[in-house]
Amino acid sequence: MTVNSPLYSPHRHRHLHARREERRAHVRRQRVVAAALTGLFALVLIALAVGGGGPAEGRRGAQLAAHTRRPVVARSAIGLPMGHPALALRYLSPRSQPVGVPMRQPPRAGLLFNLQTGQVLWQLRPSERVRIASLTKMMTAWLAVHALPAHAQVPITRQAVEMPGSKVGVLPLGRRALVETLMYGLLLPSGNDAAVALAQGVAGSLRHFVADMNREAAHLGLGCTRYSSPSGYYNLDNYSCAADLAVLAHDDLLQPRIASIVREPTAAPPLPIAGGRVYLYNNNPLLIYHYPGVTGMKTGYTLAAGKCLVATAERHGVRLGVVLLHSPYPGTQARRLLNAGFAFYHVPPVREPPMPPGV
């Protein structure tokens, strides 16, 4: 076809056609590259979502796959899966604590709580891990009553008799003693010798018993707690916190054998020695000075742990517990806190015998 126009040129027409084809090819290449990049990016995201890649990819993958991950299992101090505590402590913020008791020399950590509801009335670093000395024996008692009947007898070994620190002191080497007698020796004068004898009677060796202690701590939901001995005389790797000790006190008092022992100021259980009995005295200052309503439960002391006390009391159906760790005056501070707690629940005050200063 012949085109009669002064603007038409065959050479210019071919040039415009080539440019249009080049632009179409360029658009097609861009679409192909975009599709390839999209596919590659999708593959990277899939790989990250299943956990592949390095640190940066891992962080991105964690964000992308968070909704598909299993919930994190709480672990104990030695890495065991945690159970749920029988007493759920209900905390309030420090500024709205129901009970305030000013102290010139406060303890390292502490807790005042309701043994029935778990309501926390006063707290001071309740989750801080600290040494606990003979409060360790609260777990030794728990395991012993679950493993051994009161009338069972266990041998008294040289390792038990030669334990340093607080002790019953007259356990007969090579003889057998009633479990219940050793329980009194464990919880009243805080006998390290009784702790070793019970541990060996339950598990055969201290190593196996300590492993049982740590497994049971995890089972009971005690997340701060780690044990290294049945007595607490040695502080290395032996610690807990006020919150865990509150839960353990609650659990211990649910055991009738433990509850009946820790409320006694004195006892004279049978033992195969001259006279046939051993005379034991409770170290709990609230029992010594006859605090009204006291129901237990355990003292502790080493140079590293300081003076420690877990005390419980009941008045008019209100049951309270207090934990004091590294306290300069555990008896005095426990009494003041318990009195404030009972006042919070409108329990009428009662006349109290005096407690000497410095207790």
# chains A, B, ... in the order shown; residues from 1 in each chain; ligands from 1
>>> residues_around(residues="Val101 (chain A)", least_positions_apart="5", cutoff="10 Å", atoms="only C-alpha atoms", output="list in words")
Pro106, Trp122, Gln333, Arg336, Leu337, Asn339, Ala340 and Gly341 of chain A
>>> write_last_selection(atoms="N, CA, C and O atoms", output="PDB file, in the first residue's frame")
ATOM      1  N   PRO A 106      14.481  -4.228 108.726  1.00  0.00           N
ATOM      2  CA  PRO A 106      13.630  -5.255 108.122  1.00  0.00           C
ATOM      3  C   PRO A 106      14.425  -6.515 107.775  1.00  0.00           C
ATOM      4  O   PRO A 106      15.656  -6.488 107.692  1.00  0.00           O
ATOM      5  N   TRP A 122       1.287  -8.636 103.325  1.00  0.00           N
ATOM      6  CA  TRP A 122       2.532  -7.850 103.403  1.00  0.00           C
ATOM      7  C   TRP A 122       3.605  -8.648 102.689  1.00  0.00           C
ATOM      8  O   TRP A 122       3.639  -9.881 102.770  1.00  0.00           O
ATOM      9  N   GLN A 333       9.301  -9.529 115.010  1.00  0.00           N
ATOM     10  CA  GLN A 333       8.717  -9.118 113.738  1.00  0.00           C
ATOM     11  C   GLN A 333       7.547 -10.008 113.341  1.00  0.00           C
ATOM     12  O   GLN A 333       6.535  -9.521 112.810  1.00  0.00           O
ATOM     13  N   ARG A 336       4.472  -8.923 115.426  1.00  0.00           N
ATOM     14  CA  ARG A 336       3.884  -7.657 114.961  1.00  0.00           C
ATOM     15  C   ARG A 336       3.119  -7.856 113.655  1.00  0.00           C
ATOM     16  O   ARG A 336       2.021  -7.304 113.471  1.00  0.00           O
ATOM     17  N   LEU A 337       3.681  -8.630 112.746  1.00  0.00           N
ATOM     18  CA  LEU A 337       3.011  -8.868 111.465  1.00  0.00           C
ATOM     19  C   LEU A 337       1.729  -9.670 111.650  1.00  0.00           C
ATOM     20  O   LEU A 337       0.687  -9.346 111.061  1.00  0.00           O
ATOM     21  N   ASN A 339      -0.138  -9.873 114.342  1.00  0.00           N
ATOM     22  CA  ASN A 339      -1.126  -9.023 115.002  1.00  0.00           C
ATOM     23  C   ASN A 339      -1.784  -8.066 114.009  1.00  0.00           C
ATOM     24  O   ASN A 339      -3.002  -7.843 114.047  1.00  0.00           O
ATOM     25  N   ALA A 340      -0.980  -7.494 113.128  1.00  0.00           N
ATOM     26  CA  ALA A 340      -1.529  -6.593 112.117  1.00  0.00           C
ATOM     27  C   ALA A 340      -2.442  -7.346 111.159  1.00  0.00           C
ATOM     28  O   ALA A 340      -3.472  -6.827 110.708  1.00  0.00           O
ATOM     29  N   GLY A 341      -2.060  -8.594 110.822  1.00  0.00           N
ATOM     30  CA  GLY A 341      -2.904  -9.395 109.946  1.00  0.00           C
ATOM     31  C   GLY A 341      -4.242  -9.736 110.575  1.00  0.00           C
ATOM     32  O   GLY A 341      -5.305  -9.627 109.933  1.00  0.00           O
TER      33      GLY A 341
END
>>> residues_around(residues="region 136-143 of chain A", least_positions_apart="2", cutoff="9 Å", atoms="only C-alpha atoms", output="PyMOL selection string")
chain A and resi 132-134+145-148+183+186-187+190+192+195+198-199+202+209+212-213+216-217+227+229-233+238-240+245+248-249+251-252+255+258+297-298+300
>>> atom_distance(atom1="CA of Ser205 (chain A)", atom2="CA of Leu178 (chain A)")
18.2 Å
>>> closest_residue(among="A:Asp244, A:His84, A:Arg176, A:Thr266", to="Glu128 (chain A)", atoms="only C-alpha atoms")
A:Asp244
>>> residues_around(residues="Glu162 (chain A)", least_positions_apart="2", cutoff="10 Å", atoms="only C-alpha atoms", output="ChimeraX atom specification")
/A:157-160,164-165,167,169,173,192-193,196
>>> write_last_selection(atoms="N, CA and C atoms", output="PDB file, in the first residue's frame")
ATOM      1  N   THR A 157      22.874 -44.185 111.664  1.00  0.00           N
ATOM      2  CA  THR A 157      24.197 -44.411 111.094  1.00  0.00           C
ATOM      3  C   THR A 157      25.219 -43.450 111.699  1.00  0.00           C
ATOM      4  N   ARG A 158      26.478 -43.765 111.457  1.00  0.00           N
ATOM      5  CA  ARG A 158      27.537 -42.869 111.918  1.00  0.00           C
ATOM      6  C   ARG A 158      27.443 -41.509 111.233  1.00  0.00           C
ATOM      7  N   GLN A 159      27.049 -41.498 109.976  1.00  0.00           N
ATOM      8  CA  GLN A 159      26.900 -40.229 109.268  1.00  0.00           C
ATOM      9  C   GLN A 159      25.856 -39.342 109.949  1.00  0.00           C
ATOM     10  N   ALA A 160      24.797 -39.944 110.462  1.00  0.00           N
ATOM     11  CA  ALA A 160      23.781 -39.175 111.178  1.00  0.00           C
ATOM     12  C   ALA A 160      24.312 -38.675 112.515  1.00  0.00           C
ATOM     13  N   PRO A 164      27.296 -32.145 112.252  1.00  0.00           N
ATOM     14  CA  PRO A 164      27.516 -30.952 113.089  1.00  0.00           C
ATOM     15  C   PRO A 164      26.260 -30.095 113.181  1.00  0.00           C
ATOM     16  N   GLY A 165      26.357 -29.023 113.954  1.00  0.00           N
ATOM     17  CA  GLY A 165      25.247 -28.087 114.081  1.00  0.00           C
ATOM     18  C   GLY A 165      24.222 -28.555 115.083  1.00  0.00           C
ATOM     19  N   LYS A 167      21.317 -30.526 116.849  1.00  0.00           N
ATOM     20  CA  LYS A 167      21.036 -31.955 116.755  1.00  0.00           C
ATOM     21  C   LYS A 167      20.292 -32.432 117.991  1.00  0.00           C
ATOM     22  N   GLY A 169      21.300 -35.186 119.475  1.00  0.00           N
ATOM     23  CA  GLY A 169      22.497 -35.366 120.286  1.00  0.00           C
ATOM     24  C   GLY A 169      22.627 -36.686 120.990  1.00  0.00           C
ATOM     25  N   LEU A 173      23.960 -44.814 118.066  1.00  0.00           N
ATOM     26  CA  LEU A 173      24.639 -45.356 116.891  1.00  0.00           C
ATOM     27  C   LEU A 173      24.409 -46.859 116.799  1.00  0.00           C
ATOM     28  N   ASN A 192      19.953 -31.882 112.963  1.00  0.00           N
ATOM     29  CA  ASN A 192      20.579 -32.303 111.712  1.00  0.00           C
ATOM     30  C   ASN A 192      20.812 -33.807 111.680  1.00  0.00           C
ATOM     31  N   ASP A 193      21.057 -34.389 112.850  1.00  0.00           N
ATOM     32  CA  ASP A 193      21.233 -35.847 112.906  1.00  0.00           C
ATOM     33  C   ASP A 193      19.925 -36.559 112.568  1.00  0.00           C
ATOM     34  N   VAL A 196      19.380 -36.481 108.726  1.00  0.00           N
ATOM     35  CA  VAL A 196      20.160 -37.465 107.984  1.00  0.00           C
ATOM     36  C   VAL A 196      19.574 -38.856 108.170  1.00  0.00           C
TER      37      VAL A 196
END
>>> atom_distance(atom1="CA of Pro270 (chain A)", atom2="CA of Ala311 (chain A)")
26.8 Å
>>> atom_distance(atom1="CA of Glu314 (chain A)", atom2="CA of Ser166 (chain A)")
28.6 Å
>>> residues_around(residues="Cys241 (chain A)", least_positions_apart="5", cutoff="9 Å", atoms="only C-alpha atoms", output="PDB file with C-alpha atoms, in the first residue's frame")
ATOM      1  CA  ALA A 109      12.760 -11.025 102.531  1.00  0.00           C
ATOM      2  CA  GLY A 110       9.373 -11.885 103.955  1.00  0.00           C
ATOM      3  CA  ARG A 125      11.087  -9.311  98.042  1.00  0.00           C
ATOM      4  CA  PRO A 126       8.935 -12.478  98.152  1.00  0.00           C
ATOM      5  CA  SER A 127      10.541 -14.089  95.085  1.00  0.00           C
ATOM      6  CA  GLU A 128      14.180 -13.378  95.906  1.00  0.00           C
ATOM      7  CA  ARG A 129      16.220 -16.551  96.241  1.00  0.00           C
ATOM      8  CA  VAL A 130      18.046 -16.630  99.560  1.00  0.00           C
ATOM      9  CA  ARG A 131      19.615 -19.191 101.844  1.00  0.00           C
ATOM     10  CA  ILE A 132      17.143 -20.792 104.211  1.00  0.00           C
ATOM     11  CA  LEU A 222       8.107 -24.289  94.190  1.00  0.00           C
ATOM     12  CA  GLY A 223       9.895 -22.414  91.423  1.00  0.00           C
ATOM     13  CA  CYS A 224      12.536 -20.618  93.537  1.00  0.00           C
ATOM     14  CA  THR A 225      13.655 -23.647  95.477  1.00  0.00           C
ATOM     15  CA  ALA A 246       4.591 -19.948 102.282  1.00  0.00           C
ATOM     16  CA  LEU A 325      14.309 -14.635 106.011  1.00  0.00           C
TER      17      LEU A 325
END
>>> residues_around(residues="Val350 (chain A)", least_positions_apart="3", cutoff="12 Å", atoms="only C-alpha atoms", output="number ranges by chain")
A: 291-293, 315-316, 339, 342-343, 347, 353
>>> select_by_dssp(residues="region 143-352 of chain A", states="strand (DSSP E or B)", output="VMD selection string")
chain A and resid 153 to 155 176 to 178 226 239 to 240 266 to 267 270 277 280 to 281 294 to 302 306 to 315 318 to 325
>>> select_by_dssp(residues="region 102-223 of chain A", states="alpha helix (DSSP H)", output="PyMOL selection string")
chain A and resi 137-147+158-161+179-187+192-203+206-219
>>> closest_residue(among="A:Val161, A:Ala74, A:Leu324, A:Val170", to="Ala274 (chain A)", atoms="only C-alpha atoms")
A:Val170
